[in-house]
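Visitor: Below is a structure I'd like to ask you about.
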Amino acid sequence: MNTPALKEWPLWEVFVRSKQGLEHKHCGSLHAADASQALHMARDVYTRRQEGVSIWVVPSASITASNPDDKGELFDPAADKIYRHPTFYEIPEEVGHM
Amino acid sequence: MSTPIDYLLHLADNAVVLGQRNAEWCGHGPILEEDLALANVSLDLIGQARLLYQRVAELKGGDASEDKLAYFRDAHEFRNYTLLELPHHGPLVGYAAADRDYATTIVRNFLYSALMVLVWDGLQNSADAGLAAIAAKSVKETSYHLHHARDWLVRMGDGTDESHARAQAAVDHLMPYTEEFWTTSPAEGAAVAAHVAVDVWALRPAWDTIVNEALAEATLSRPNFHGYVTEGKVGLHSEHLGFLLAEMQSLARAHPDGRW
């Protein structure tokens, strides 16, 4: 009874795995007081139409994101390095579609 | 073996009345996530009611249908517990549009779903195979409803001074209505005799355990009961059911057999 009330609930990122064997995919976010409540709310908000077999929730504050302003230095240099793509190999006929 | 129709109607009316009551929160929930969660609970309950009404219509034959049963019976023909028709606020507010109190909503859902997980579990062995199948589906939904309501009950009870006070007031207000669970109506008696129903009286110790453990965890106290035991399940209702039905039934009655 002596825990101070939160003015705002923290934000959580929700990841849902749609089928066994597939990876969890980010599908959105929600507010919840703690992890177990976030999990239940994720069930109600994001899996109402049989979207999932497994849910992860992660505090949004735990995610370190790249800065959109750094896009140039982070990603543009990769644009002209086509030799990093495995497109120069001859694929033998017998392998078929890869 | 014949399935007592009034017993199925009791189960169906419980589900439809609480489903309709909880649906009043749709678009007005305390937060978006909880609004969706409670609407899901309502849809589960209305789904359960549909299956049960369909079973009744099948047994009655003729032109009986789920819509006729839900929309064209009047208050005295409904067999739900009085607990489920009460508005979402304390004892002294006489009209449903008053400020809703979420603690009342949660405590009611908790008390009812604590009973229904036990009832549905037992009904999986009903002599009525149709009812047993409905029970197998409903027991999973109801386990989730209980989990949801219990979680909030503990958060509110063991929360701030205000949330604790509201949760305790809701428990004090609603607990007396649960006495109706433990009386046996003629329909229940007949259904138990036909091995269609579970004897709710026998579930009381298990229900007490669920309730007492949750209240203890929520730092709430359980009031002692004395006084009138409600009789909604034999058709004697509070004044609130008529207003609820008027809202629920008005569209179907204004446009009978309408489709959209």
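Ordered as shown in the structure tokens, chains take letters A, B, and onward, while each chain numbers its residues from 1 and ligands are numbered from 1 in the order shown.
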Taking only C-alpha atoms into account, report as a PyMOL selection string which residues of chain B lie within 7 Å of chain A.
Guide: chain B and resi 33+36-37+158-161
Visitor: Using C-alpha atoms, can you write the selected residues to a file as a PDB file, in the first residue's frame?
Guide:
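See selection.pdb below for the written result:
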ATOM      1  CA  GLU B  33      -5.163  -1.667 -23.584  1.00  0.00           C
ATOM      2  CA  LEU B  36      -9.612  -3.937 -25.537  1.00  0.00           C
ATOM      3  CA  ALA B  37      -9.060  -6.562 -22.845  1.00  0.00           C
ATOM      4  CA  ASP B 158      -2.536  -3.793  -2.780  1.00  0.00           C
ATOM      5  CA  GLY B 159      -2.208  -0.479  -4.609  1.00  0.00           C
ATOM      6  CA  THR B 160      -2.741   3.095  -3.489  1.00  0.00           C
ATOM      7  CA  ASP B 161      -4.981   4.203  -0.629  1.00  0.00           C
TER       8      ASP B 161
END
Visitor: Which residues are close to range 178-192 of chain B, i.e. within 9 Å by only C-alpha atoms, leaving aside same-chain residues fewer than 6 positions away? Reply as number ranges by chain.
Guide: B: 2-8, 10, 81-83, 111-112, 115, 198-202, 204, 225, 228-234
Visitor: Take the residues from that selection and put them in a file with N, CA and C atoms, as a compact mmCIF listing (two decimals), in the first residue's frame.
Guide:
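Below is the file that was written, part-v8.txt:
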# COMPACT_ATOMS: atom_id res chain seq x y z
N SER B 2 -33.47 -35.91 -20.79
CA SER B 2 -33.76 -34.60 -21.39
C SER B 2 -33.03 -33.52 -20.60
N THR B 3 -32.47 -32.56 -21.32
CA THR B 3 -31.74 -31.48 -20.68
C THR B 3 -32.71 -30.40 -20.23
N PRO B 4 -32.73 -30.09 -18.93
CA PRO B 4 -33.65 -29.04 -18.49
C PRO B 4 -33.31 -27.70 -19.13
N ILE B 5 -34.24 -27.21 -19.91
CA ILE B 5 -34.01 -26.00 -20.69
C ILE B 5 -33.74 -24.78 -19.81
N ASP B 6 -34.44 -24.72 -18.67
CA ASP B 6 -34.23 -23.57 -17.78
C ASP B 6 -32.80 -23.52 -17.24
N TYR B 7 -32.17 -24.65 -17.11
CA TYR B 7 -30.78 -24.66 -16.64
C TYR B 7 -29.85 -24.08 -17.72
N LEU B 8 -30.06 -24.48 -18.96
CA LEU B 8 -29.25 -23.91 -20.05
C LEU B 8 -29.49 -22.41 -20.17
N HIS B 10 -30.28 -20.44 -17.76
CA HIS B 10 -29.57 -19.83 -16.63
C HIS B 10 -28.11 -19.55 -17.01
N TYR B 81 -27.97 -14.66 -12.52
CA TYR B 81 -27.73 -14.18 -11.16
C TYR B 81 -27.92 -12.67 -11.11
N THR B 82 -28.53 -12.19 -10.04
CA THR B 82 -28.72 -10.75 -9.87
C THR B 82 -27.39 -10.00 -9.90
N LEU B 83 -26.35 -10.62 -9.33
CA LEU B 83 -25.01 -10.01 -9.30
C LEU B 83 -24.61 -9.43 -10.66
N LEU B 111 -15.45 -12.50 -8.99
CA LEU B 111 -16.31 -13.39 -8.22
C LEU B 111 -17.04 -14.38 -9.14
N TYR B 112 -17.47 -13.88 -10.30
CA TYR B 112 -18.21 -14.73 -11.23
C TYR B 112 -17.28 -15.73 -11.93
N LEU B 115 -16.22 -18.67 -9.94
CA LEU B 115 -17.23 -19.74 -9.91
C LEU B 115 -17.25 -20.51 -11.22
N VAL B 198 -23.51 -29.58 -12.85
CA VAL B 198 -22.72 -29.85 -11.65
C VAL B 198 -23.47 -29.22 -10.47
N ASP B 199 -23.32 -29.84 -9.32
CA ASP B 199 -23.94 -29.31 -8.11
C ASP B 199 -23.06 -28.16 -7.60
N VAL B 200 -23.55 -26.95 -7.77
CA VAL B 200 -22.74 -25.77 -7.44
C VAL B 200 -22.36 -25.75 -5.95
N TRP B 201 -23.26 -26.24 -5.13
CA TRP B 201 -23.00 -26.26 -3.69
C TRP B 201 -21.67 -26.98 -3.39
N ALA B 202 -21.42 -28.05 -4.13
CA ALA B 202 -20.21 -28.84 -3.90
C ALA B 202 -18.94 -28.08 -4.30
N ARG B 204 -18.40 -24.98 -3.54
CA ARG B 204 -18.20 -23.84 -2.65
C ARG B 204 -16.83 -23.81 -1.96
N PHE B 225 -21.59 -12.13 5.79
CA PHE B 225 -22.88 -11.98 5.13
C PHE B 225 -24.05 -12.16 6.08
N TYR B 228 -30.78 -10.58 2.92
CA TYR B 228 -31.56 -11.14 1.80
C TYR B 228 -30.65 -11.83 0.77
N VAL B 229 -31.07 -13.00 0.34
CA VAL B 229 -30.36 -13.70 -0.74
C VAL B 229 -31.13 -13.48 -2.04
N THR B 230 -30.45 -12.92 -3.04
CA THR B 230 -31.14 -12.57 -4.29
C THR B 230 -31.60 -13.83 -5.03
N GLU B 231 -32.58 -13.63 -5.92
CA GLU B 231 -33.20 -14.77 -6.61
C GLU B 231 -33.34 -14.52 -8.11
N GLY B 232 -32.31 -13.90 -8.68
CA GLY B 232 -32.35 -13.62 -10.12
C GLY B 232 -32.54 -14.87 -10.96
N LYS B 233 -31.95 -15.98 -10.51
CA LYS B 233 -31.99 -17.18 -11.34
C LYS B 233 -33.36 -17.85 -11.38
N VAL B 234 -34.30 -17.39 -10.55
CA VAL B 234 -35.68 -17.85 -10.73
C VAL B 234 -36.55 -16.75 -11.32
Visitor: Can you work out which one of A:Leu22, A:Ala79, A:Ala35, A:Leu74 has the shortest atom-to-atom distance to Val58 in chain A, counting only C-alpha atoms?
Guide: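 Closest to Val58 in chain A, using only C-alpha atoms: A:Ala35.
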Visitor: Any idea what the distance is between CA of Tyr144 in chain B and CA of Val117 in chain B?
Guide: 9.4 Å
Visitor: If you count only C-alpha atoms, which residues fall within 7 Å of Pro59 in chain A, apart from same-chain ones fewer than 5 positions away, as a list in words?
Guide: Leu11, Trp12 and Glu13 of chain A
Visitor: Those residues you just picked out, can you put them in a file as a PDB file, in the first residue's frame with C-alpha atoms?
Guide:
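What follows is the written file part-v3.pdb:
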ATOM      1  CA  LEU A  11       6.113   1.731 -22.689  1.00  0.00           C
ATOM      2  CA  TRP A  12       6.774  -1.841 -23.873  1.00  0.00           C
ATOM      3  CA  GLU A  13       7.658  -3.167 -27.310  1.00  0.00           C
TER       4      GLU A  13
END
Visitor: With only C-alpha atoms as the counted atoms, please give the residues lying no more than 10 Å from Glu51 in chain A, apart from itself and same-chain residues fewer than 6 positions off, as a list of chain:residue names.
Guide: A:Val16, A:Arg17, A:Ser18, A:Lys19, A:Arg43
Visitor: As a PyMOL selection string, please: all residues of range 29-58 of chain A that backbone DSSP puts in helix (DSSP H, G or I).
Guide: chain A and resi 35-46
Visitor: Write the residues of the selection above to a file with N, CA and C atoms, as a PDB file, in the first residue's frame.
Guide:
ATOM      1  N   ALA A  35       6.021  -6.081 -16.351  1.00  0.00           N
ATOM      2  CA  ALA A  35       6.220  -7.036 -17.440  1.00  0.00           C
ATOM      3  C   ALA A  35       5.059  -8.026 -17.576  1.00  0.00           C
ATOM      4  N   SER A  36       4.563  -8.550 -16.449  1.00  0.00           N
ATOM      5  CA  SER A  36       3.524  -9.576 -16.588  1.00  0.00           C
ATOM      6  C   SER A  36       2.227  -8.951 -17.106  1.00  0.00           C
ATOM      7  N   GLN A  37       1.963  -7.709 -16.673  1.00  0.00           N
ATOM      8  CA  GLN A  37       0.773  -7.039 -17.206  1.00  0.00           C
ATOM      9  C   GLN A  37       0.959  -6.721 -18.694  1.00  0.00           C
ATOM     10  N   ALA A  38       2.165  -6.354 -19.062  1.00  0.00           N
ATOM     11  CA  ALA A  38       2.430  -6.053 -20.474  1.00  0.00           C
ATOM     12  C   ALA A  38       2.183  -7.285 -21.336  1.00  0.00           C
ATOM     13  N   LEU A  39       2.568  -8.437 -20.821  1.00  0.00           N
ATOM     14  CA  LEU A  39       2.372  -9.688 -21.552  1.00  0.00           C
ATOM     15  C   LEU A  39       0.878  -9.963 -21.763  1.00  0.00           C
ATOM     16  N   HIS A  40       0.103  -9.756 -20.719  1.00  0.00           N
ATOM     17  CA  HIS A  40      -1.334 -10.005 -20.846  1.00  0.00           C
ATOM     18  C   HIS A  40      -2.003  -8.997 -21.773  1.00  0.00           C
ATOM     19  N   MET A  41      -1.565  -7.763 -21.660  1.00  0.00           N
ATOM     20  CA  MET A  41      -2.162  -6.767 -22.541  1.00  0.00           C
ATOM     21  C   MET A  41      -1.769  -7.011 -23.998  1.00  0.00           C
ATOM     22  N   ALA A  42      -0.548  -7.475 -24.180  1.00  0.00           N
ATOM     23  CA  ALA A  42      -0.108  -7.793 -25.548  1.00  0.00           C
ATOM     24  C   ALA A  42      -0.987  -8.889 -26.134  1.00  0.00           C
ATOM     25  N   ARG A  43      -1.338  -9.857 -25.292  1.00  0.00           N
ATOM     26  CA  ARG A  43      -2.229 -10.933 -25.739  1.00  0.00           C
ATOM     27  C   ARG A  43      -3.553 -10.337 -26.203  1.00  0.00           C
ATOM     28  N   ASP A  44      -4.078  -9.388 -25.430  1.00  0.00           N
ATOM     29  CA  ASP A  44      -5.389  -8.832 -25.762  1.00  0.00           C
ATOM     30  C   ASP A  44      -5.341  -7.851 -26.925  1.00  0.00           C
ATOM     31  N   VAL A  45      -4.220  -7.145 -27.063  1.00  0.00           N
ATOM     32  CA  VAL A  45      -4.153  -6.118 -28.098  1.00  0.00           C
ATOM     33  C   VAL A  45      -3.688  -6.691 -29.434  1.00  0.00           C
ATOM     34  N   TYR A  46      -2.728  -7.628 -29.380  1.00  0.00           N
ATOM     35  CA  TYR A  46      -2.079  -8.042 -30.634  1.00  0.00           C
ATOM     36  C   TYR A  46      -2.325  -9.484 -31.076  1.00  0.00           C
TER      37      TYR A  46
END
Visitor: Write out as CSV the residues of range 20-99 of chain B that have any atom within 12 Å of an atom of range 242-245 of chain B, one row each with the nearest atom pair and its distance in Å to one decimal, counting only C-alpha atoms, sorted by chain and then rising number.
Guide:
residue,atom,partner,partner_atom,distance
B:Gln20,CA,B:Leu244,CA,7.7
B:Arg21,CA,B:Leu244,CA,7.4
B:Asn22,CA,B:Leu244,CA,11.1
B:Ala23,CA,B:Leu244,CA,11.1
B:Glu24,CA,B:Leu244,CA,9.9
B:Ala70,CA,B:Leu245,CA,9.1
B:Tyr71,CA,B:Leu245,CA,8.0
B:Phe72,CA,B:Leu245,CA,9.7
B:Arg73,CA,B:Leu245,CA,9.1
B:Asp74,CA,B:Leu245,CA,7.7
B:Ala75,CA,B:Gly242,CA,5.7
B:His76,CA,B:Gly242,CA,9.0
B:Glu77,CA,B:Gly242,CA,11.1
B:Phe78,CA,B:Leu245,CA,9.8
B:Thr82,CA,B:Gly242,CA,11.8
B:Leu84,CA,B:Leu244,CA,10.8
B:Glu85,CA,B:Leu244,CA,7.5
B:Leu86,CA,B:Leu244,CA,9.2
B:Pro87,CA,B:Leu244,CA,8.9
B:His88,CA,B:Leu244,CA,11.9
B:Gly94,CA,B:Phe243,CA,11.0
B:Tyr95,CA,B:Phe243,CA,8.8
B:Ala96,CA,B:Phe243,CA,8.0
B:Ala97,CA,B:Phe243,CA,10.5
Visitor: Output N, CA and C atoms for every residue in that selection, as an mmCIF file, in the first residue's frame.
Guide:
data_model
loop_
_atom_site.group_PDB
_atom_site.id
_atom_site.type_symbol
_atom_site.label_atom_id
_atom_site.label_comp_id
_atom_site.auth_asym_id
_atom_site.auth_seq_id
_atom_site.Cartn_x
_atom_site.Cartn_y
_atom_site.Cartn_z
ATOM 1 N N GLN B 20 -23.122 -8.046 -21.864
ATOM 2 C CA GLN B 20 -23.718 -6.757 -22.210
ATOM 3 C C GLN B 20 -23.277 -5.679 -21.212
ATOM 4 N N ARG B 21 -23.279 -6.007 -19.943
ATOM 5 C CA ARG B 21 -22.897 -5.045 -18.906
ATOM 6 C C ARG B 21 -21.447 -4.592 -19.131
ATOM 7 N N ASN B 22 -20.564 -5.553 -19.297
ATOM 8 C CA ASN B 22 -19.152 -5.194 -19.481
ATOM 9 C C ASN B 22 -18.926 -4.418 -20.776
ATOM 10 N N ALA B 23 -19.764 -4.680 -21.776
ATOM 11 C CA ALA B 23 -19.602 -3.989 -23.060
ATOM 12 C C ALA B 23 -19.875 -2.490 -22.928
ATOM 13 N N GLU B 24 -20.523 -2.080 -21.826
ATOM 14 C CA GLU B 24 -20.734 -0.639 -21.616
ATOM 15 C C GLU B 24 -19.413 0.121 -21.512
ATOM 16 N N ALA B 70 -32.623 -14.265 -26.921
ATOM 17 C CA ALA B 70 -31.889 -13.142 -26.336
ATOM 18 C C ALA B 70 -32.698 -11.844 -26.379
ATOM 19 N N TYR B 71 -33.431 -11.644 -27.454
ATOM 20 C CA TYR B 71 -34.009 -10.319 -27.689
ATOM 21 C C TYR B 71 -35.514 -10.221 -27.458
ATOM 22 N N PHE B 72 -36.188 -11.347 -27.373
ATOM 23 C CA PHE B 72 -37.647 -11.269 -27.260
ATOM 24 C C PHE B 72 -38.190 -11.945 -26.001
ATOM 25 N N ARG B 73 -37.347 -12.047 -24.988
ATOM 26 C CA ARG B 73 -37.858 -12.419 -23.665
ATOM 27 C C ARG B 73 -37.746 -11.184 -22.771
ATOM 28 N N ASP B 74 -38.625 -11.092 -21.772
ATOM 29 C CA ASP B 74 -38.601 -9.944 -20.859
ATOM 30 C C ASP B 74 -37.882 -10.309 -19.563
ATOM 31 N N ALA B 75 -37.667 -9.279 -18.742
ATOM 32 C CA ALA B 75 -36.810 -9.432 -17.563
ATOM 33 C C ALA B 75 -37.184 -10.638 -16.693
ATOM 34 N N HIS B 76 -38.487 -10.828 -16.451
ATOM 35 C CA HIS B 76 -38.865 -11.918 -15.533
ATOM 36 C C HIS B 76 -38.589 -13.294 -16.118
ATOM 37 N N GLU B 77 -38.304 -13.356 -17.415
ATOM 38 C CA GLU B 77 -37.986 -14.643 -18.041
ATOM 39 C C GLU B 77 -36.488 -14.928 -18.042
ATOM 40 N N PHE B 78 -35.699 -13.937 -17.646
ATOM 41 C CA PHE B 78 -34.247 -14.149 -17.595
ATOM 42 C C PHE B 78 -33.876 -14.876 -16.310
ATOM 43 N N THR B 82 -28.534 -12.193 -10.037
ATOM 44 C CA THR B 82 -28.724 -10.747 -9.867
ATOM 45 C C THR B 82 -27.393 -10.003 -9.896
ATOM 46 N N LEU B 84 -24.976 -10.154 -11.743
ATOM 47 C CA LEU B 84 -24.430 -9.831 -13.053
ATOM 48 C C LEU B 84 -25.132 -8.657 -13.730
ATOM 49 N N GLU B 85 -26.313 -8.291 -13.242
ATOM 50 C CA GLU B 85 -27.053 -7.206 -13.900
ATOM 51 C C GLU B 85 -26.800 -5.854 -13.229
ATOM 52 N N LEU B 86 -26.129 -5.847 -12.081
ATOM 53 C CA LEU B 86 -25.935 -4.590 -11.355
ATOM 54 C C LEU B 86 -25.065 -3.635 -12.162
ATOM 55 N N PRO B 87 -25.315 -2.332 -12.037
ATOM 56 C CA PRO B 87 -24.472 -1.355 -12.751
ATOM 57 C C PRO B 87 -23.036 -1.373 -12.223
ATOM 58 N N HIS B 88 -22.170 -0.643 -12.922
ATOM 59 C CA HIS B 88 -20.744 -0.632 -12.570
ATOM 60 C C HIS B 88 -20.442 0.376 -11.471
ATOM 61 N N GLY B 94 -28.671 4.839 -8.511
ATOM 62 C CA GLY B 94 -29.803 4.118 -9.059
ATOM 63 C C GLY B 94 -29.867 4.028 -10.567
ATOM 64 N N TYR B 95 -28.937 4.613 -11.260
ATOM 65 C CA TYR B 95 -29.052 4.583 -12.712
ATOM 66 C C TYR B 95 -27.716 4.215 -13.354
ATOM 67 N N ALA B 96 -27.820 3.493 -14.470
ATOM 68 C CA ALA B 96 -26.638 2.869 -15.047
ATOM 69 C C ALA B 96 -25.677 3.858 -15.688
ATOM 70 N N ALA B 97 -26.153 5.058 -16.017
ATOM 71 C CA ALA B 97 -25.281 6.008 -16.709
ATOM 72 C C ALA B 97 -24.421 6.815 -15.744
#
Visitor: Quick check for you: according to DSSP on this backbone, which residues of chain A are classed as strand (DSSP E)? Reply as a list in words.
Guide: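 So the strand (DSSP E) residues in chain A would be Leu11, Trp12, Glu13, Val14, Phe15, Val16, Arg17, Lys25, His26, Cys27, Gly28, Ser29, Leu30, His31, Ser54, Ile55, Trp56, Val57, Val58 and Pro59 of chain A.
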Visitor: Just the selected residues (C-alpha atoms), exported as a short mmCIF file (atom, residue, chain, number, x, y, z; two decimals), in the first residue's frame, please.
Guide:
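This went into result.cif:
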data_model
loop_
_atom_site.label_atom_id
_atom_site.label_comp_id
_atom_site.auth_asym_id
_atom_site.auth_seq_id
_atom_site.Cartn_x
_atom_site.Cartn_y
_atom_site.Cartn_z
CA LEU A 11 6.11 1.73 -22.69
CA TRP A 12 6.77 -1.84 -23.87
CA GLU A 13 7.66 -3.17 -27.31
CA VAL A 14 5.75 -6.28 -28.34
CA PHE A 15 7.16 -9.14 -30.42
CA VAL A 16 4.91 -11.94 -31.62
CA ARG A 17 5.88 -15.27 -33.14
CA LYS A 25 8.49 -10.09 -35.13
CA HIS A 26 7.97 -6.63 -33.77
CA CYS A 27 4.30 -5.77 -34.05
CA GLY A 28 3.80 -2.66 -31.92
CA SER A 29 3.97 -1.20 -28.45
CA LEU A 30 1.74 -0.62 -25.44
CA HIS A 31 1.69 0.88 -21.96
CA SER A 54 4.38 -16.83 -28.42
CA ILE A 55 4.84 -13.26 -27.19
CA TRP A 56 7.87 -11.29 -26.00
CA VAL A 57 7.64 -7.91 -24.33
CA VAL A 58 10.66 -5.66 -23.86
CA PRO A 59 10.79 -2.33 -22.04
#
Visitor: Nearest residue to Leu52 in chain B out of B:Asp99, B:Asp13, B:Glu217, B:Glu34, using only C-alpha atoms?
Guide: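 The shortest atom-to-atom distance to Leu52 in chain B comes from B:Asp13.
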Visitor: So that I can check the surroundings of Ala214 in chain B, please list as JSON, numbers by chain every protein, DNA and RNA residue that reaches within 7 Å of it, counting only C-alpha atoms and ignoring chain neighbours fewer than 3 positions away.
Guide: {"B": [150, 154, 210, 211, 217, 218]}
